[in-house]
Amino acid sequence: MRNSIFIALLVLGSFANAQQITCSPEDKSLFEDKITNLKQTKAPSLGDTIALVGQSFLGTPYVEKTLEVGDTETLVINFGGLDCTTFVENVMAFSLMLKDQQSTFDSFTGNLETVRYRNGSLNGYPSRLHYFTEWIRNNEKKGLVKDITAELGGVELEKSINFMGTHRELYPFLANDTNFESMLAVEKELAKEKLCYLPKDQIESKEQEIKSGDIIALATSIKGLDVTHTGIAIHQPDGRLHLLHASSKNGEVEISELPLADYLKNIKSNIGIIVARPTLLSL
């Protein structure tokens, strides 16, 4: 029921021709409330600012496939339901606003488009950064993050990243032949890249080198996939590193009860993590 109501709101939402935006009136109002509150954010570092912005979403419901709306790709704005990737993207977009002292909705949508799409430009469904390793690489080129996995002692893995191409039926937009062929071309380019990850048995020893606000991506052994989940690193009073994330299991944005290293022990397909440190230098 929640998903049906949400989709109805989006269909009734406003569309801006320039950026192809899908947004409900409720989400526009939520944006105004959130940016007003976030303007009061005071933190000693960029990472701490990002962690505070992330915590402002605590309790937001987890909702799958919020970007799969309509017949064509639009810039979907949805503060009432987040998945793990849209949570990170929204945190990045708001953090960019704070860094650059922005306050308008147009600034937010511009930031979100920059973060979500290849080279910062929405140009159809295949332009969205669907694979999170490409999301990191492309946002590193934009100056928004830096992949520090290798510096932490990460190891390289050669792996075919082609889950979308081999599971076309799971993605409604791939019913379109042009979208499908374009995604196959994206995957062909991804095949040229190696995946670098920090093995899960080394995470605890590296906790103090990972800062609050760093982006954490969970690398996987699942065939064809690079990453199954993502969130934001946050150090807690117990002295351990935890994960601030949109949790499908508990149905909302939360801070993991267990430290990250222990949390991952319960995920059989997890092989470790990829760590990207936000720099937010481009805008």
# chains A, B, ... in the order shown; residues from 1 in each chain; ligands from 1
call {"tool": "select_by_dssp", "arguments": {"residues": "range 84-141 of chain A", "states": "alpha helix (DSSP H)", "output": "PyMOL selection string"}}
result
chain A and resi 84-99+105-116+132-141
call {"tool": "write_last_selection", "arguments": {"atoms": "N, CA and C atoms", "output": "compact mmCIF listing (two decimals), in the first residue's frame"}}
result
# COMPACT_ATOMS: atom_id res chain seq x y z
N CYS A 84 19.17 2.02 -0.21
CA CYS A 84 20.52 2.29 0.30
C CYS A 84 21.28 3.29 -0.57
N THR A 85 21.08 3.21 -1.89
CA THR A 85 21.80 4.12 -2.78
C THR A 85 21.21 5.52 -2.77
N THR A 86 19.88 5.63 -2.84
CA THR A 86 19.28 6.96 -2.84
C THR A 86 19.51 7.67 -1.50
N PHE A 87 19.64 6.91 -0.43
CA PHE A 87 20.01 7.51 0.86
C PHE A 87 21.37 8.20 0.75
N VAL A 88 22.36 7.48 0.25
CA VAL A 88 23.70 8.06 0.11
C VAL A 88 23.67 9.26 -0.84
N GLU A 89 22.94 9.14 -1.94
CA GLU A 89 22.89 10.24 -2.91
C GLU A 89 22.26 11.49 -2.32
N ASN A 90 21.19 11.33 -1.57
CA ASN A 90 20.54 12.48 -0.95
C ASN A 90 21.43 13.13 0.09
N VAL A 91 22.14 12.31 0.85
CA VAL A 91 23.08 12.86 1.84
C VAL A 91 24.17 13.67 1.14
N MET A 92 24.69 13.14 0.04
CA MET A 92 25.72 13.85 -0.71
C MET A 92 25.19 15.17 -1.25
N ALA A 93 23.96 15.16 -1.80
CA ALA A 93 23.39 16.37 -2.39
C ALA A 93 23.18 17.46 -1.34
N PHE A 94 22.67 17.08 -0.17
CA PHE A 94 22.47 18.06 0.90
C PHE A 94 23.81 18.54 1.47
N SER A 95 24.78 17.65 1.56
CA SER A 95 26.09 18.04 2.07
C SER A 95 26.77 19.04 1.14
N LEU A 96 26.59 18.85 -0.17
CA LEU A 96 27.10 19.81 -1.14
C LEU A 96 26.45 21.17 -0.93
N MET A 97 25.15 21.17 -0.62
CA MET A 97 24.46 22.43 -0.37
C MET A 97 25.07 23.16 0.83
N LEU A 98 25.33 22.42 1.91
CA LEU A 98 25.89 23.04 3.10
C LEU A 98 27.29 23.57 2.81
N LYS A 99 28.09 22.78 2.09
CA LYS A 99 29.45 23.20 1.79
C LYS A 99 29.47 24.49 0.98
N PHE A 105 15.81 24.84 -3.95
CA PHE A 105 15.45 23.52 -4.46
C PHE A 105 16.19 23.23 -5.77
N ASP A 106 16.35 24.25 -6.60
CA ASP A 106 17.09 24.07 -7.86
C ASP A 106 18.53 23.65 -7.61
N SER A 107 19.15 24.21 -6.56
CA SER A 107 20.52 23.82 -6.21
C SER A 107 20.56 22.35 -5.81
N PHE A 108 19.57 21.95 -5.02
CA PHE A 108 19.52 20.55 -4.59
C PHE A 108 19.37 19.61 -5.78
N THR A 109 18.43 19.90 -6.68
CA THR A 109 18.21 19.01 -7.80
C THR A 109 19.44 18.96 -8.71
N GLY A 110 20.12 20.09 -8.86
CA GLY A 110 21.35 20.09 -9.64
C GLY A 110 22.42 19.21 -9.02
N ASN A 111 22.54 19.29 -7.68
CA ASN A 111 23.52 18.45 -6.98
C ASN A 111 23.17 16.97 -7.11
N LEU A 112 21.88 16.66 -6.96
CA LEU A 112 21.46 15.26 -7.03
C LEU A 112 21.71 14.69 -8.42
N GLU A 113 21.41 15.46 -9.45
CA GLU A 113 21.68 15.01 -10.82
C GLU A 113 23.18 14.77 -11.02
N THR A 114 23.99 15.67 -10.50
CA THR A 114 25.44 15.52 -10.62
C THR A 114 25.92 14.23 -9.99
N VAL A 115 25.41 13.90 -8.82
CA VAL A 115 25.84 12.71 -8.09
C VAL A 115 25.31 11.42 -8.72
N ARG A 116 24.07 11.44 -9.19
CA ARG A 116 23.38 10.20 -9.59
C ARG A 116 23.72 9.73 -11.00
N PHE A 132 27.50 0.35 -8.35
CA PHE A 132 28.07 1.29 -7.39
C PHE A 132 29.57 1.48 -7.56
N THR A 133 30.27 0.50 -8.11
CA THR A 133 31.69 0.72 -8.37
C THR A 133 31.87 1.79 -9.45
N GLU A 134 30.97 1.81 -10.44
CA GLU A 134 31.05 2.89 -11.42
C GLU A 134 30.62 4.21 -10.79
N TRP A 135 29.64 4.15 -9.91
CA TRP A 135 29.20 5.35 -9.17
C TRP A 135 30.41 5.98 -8.47
N ILE A 136 31.22 5.16 -7.82
CA ILE A 136 32.40 5.68 -7.12
C ILE A 136 33.41 6.23 -8.12
N ARG A 137 33.71 5.48 -9.16
CA ARG A 137 34.72 5.94 -10.14
C ARG A 137 34.29 7.25 -10.80
N ASN A 138 33.02 7.32 -11.20
CA ASN A 138 32.56 8.51 -11.91
C ASN A 138 32.51 9.72 -10.99
N ASN A 139 32.10 9.51 -9.75
CA ASN A 139 32.08 10.63 -8.81
C ASN A 139 33.48 11.01 -8.35
N GLU A 140 34.42 10.08 -8.47
CA GLU A 140 35.82 10.44 -8.21
C GLU A 140 36.32 11.36 -9.33
N LYS A 141 35.94 11.08 -10.58
CA LYS A 141 36.32 11.94 -11.69
C LYS A 141 35.74 13.35 -11.54
call {"tool": "residues_around", "arguments": {"residues": "Asp214 in chain A", "least_positions_apart": "2", "cutoff": "8 Å", "atoms": "only C-alpha atoms", "output": "list in words"}}
result
Gly47, Ile210, Lys211, Ser212, Ile216, Ile232, Ala233, Ile234, Val275, Ala276, Arg277 and Pro278 of chain A
call {"tool": "write_last_selection", "arguments": {"atoms": "N, CA and C atoms", "output": "CSV table (one decimal), in the first residue's frame"}}
result
chain,number,residue,atom,x,y,z
A,47,GLY,N,33.6,15.1,7.0
A,47,GLY,CA,33.1,13.8,7.3
A,47,GLY,C,32.0,13.8,8.4
A,210,ILE,N,39.2,4.4,8.9
A,210,ILE,CA,38.0,4.8,8.2
A,210,ILE,C,37.3,5.9,9.1
A,211,LYS,N,36.9,7.0,8.4
A,211,LYS,CA,36.4,8.1,9.2
A,211,LYS,C,34.8,8.1,9.1
A,212,SER,N,34.2,8.7,10.1
A,212,SER,CA,32.8,9.0,10.0
A,212,SER,C,32.5,9.8,8.7
A,216,ILE,N,30.6,3.6,2.5
A,216,ILE,CA,30.9,2.1,2.6
A,216,ILE,C,30.0,1.4,1.6
A,232,ILE,N,26.9,4.8,5.1
A,232,ILE,CA,27.9,5.7,5.6
A,232,ILE,C,28.5,5.3,6.9
A,233,ALA,N,29.8,5.4,6.9
A,233,ALA,CA,30.5,5.0,8.1
A,233,ALA,C,30.2,6.0,9.3
A,234,ILE,N,30.1,5.5,10.5
A,234,ILE,CA,29.9,6.3,11.6
A,234,ILE,C,30.5,5.7,12.9
A,275,VAL,N,35.7,1.5,0.2
A,275,VAL,CA,35.5,2.7,0.9
A,275,VAL,C,35.8,3.9,0.1
A,276,ALA,N,34.9,4.9,0.0
A,276,ALA,CA,35.1,6.1,-0.8
A,276,ALA,C,34.9,7.3,0.2
A,277,ARG,N,36.0,8.1,0.2
A,277,ARG,CA,36.0,9.3,1.1
A,277,ARG,C,35.4,10.5,0.4
A,278,PRO,N,34.3,11.1,0.8
A,278,PRO,CA,33.8,12.3,0.2
A,278,PRO,C,34.8,13.5,0.3
call {"tool": "residues_around", "arguments": {"residues": "range 252-264 of chain A", "least_positions_apart": "6", "cutoff": "6 Å", "atoms": "only C-alpha atoms", "output": "list in words"}}
result
Leu58, Gly59, Thr60, Pro61, Tyr62, Ile203, Glu204, Arg240, Leu241, His242, Leu243, Leu244, His245 and Ala246 of chain A
call {"tool": "closest_residue", "arguments": {"among": "A:Asp100, A:Glu73, A:Lys192, A:Val145", "to": "Asn176 in chain A", "atoms": "only C-alpha atoms"}}
result
A:Glu73
call {"tool": "atom_distance", "arguments": {"atom1": "CA of Lys194 in chain A", "atom2": "CA of Thr166 in chain A"}}
result
19.6 Å
call {"tool": "closest_residue", "arguments": {"among": "A:Asp48, A:Asp201, A:Glu32, A:Glu158", "to": "Lys223 in chain A", "atoms": "only C-alpha atoms"}}
result
A:Glu158
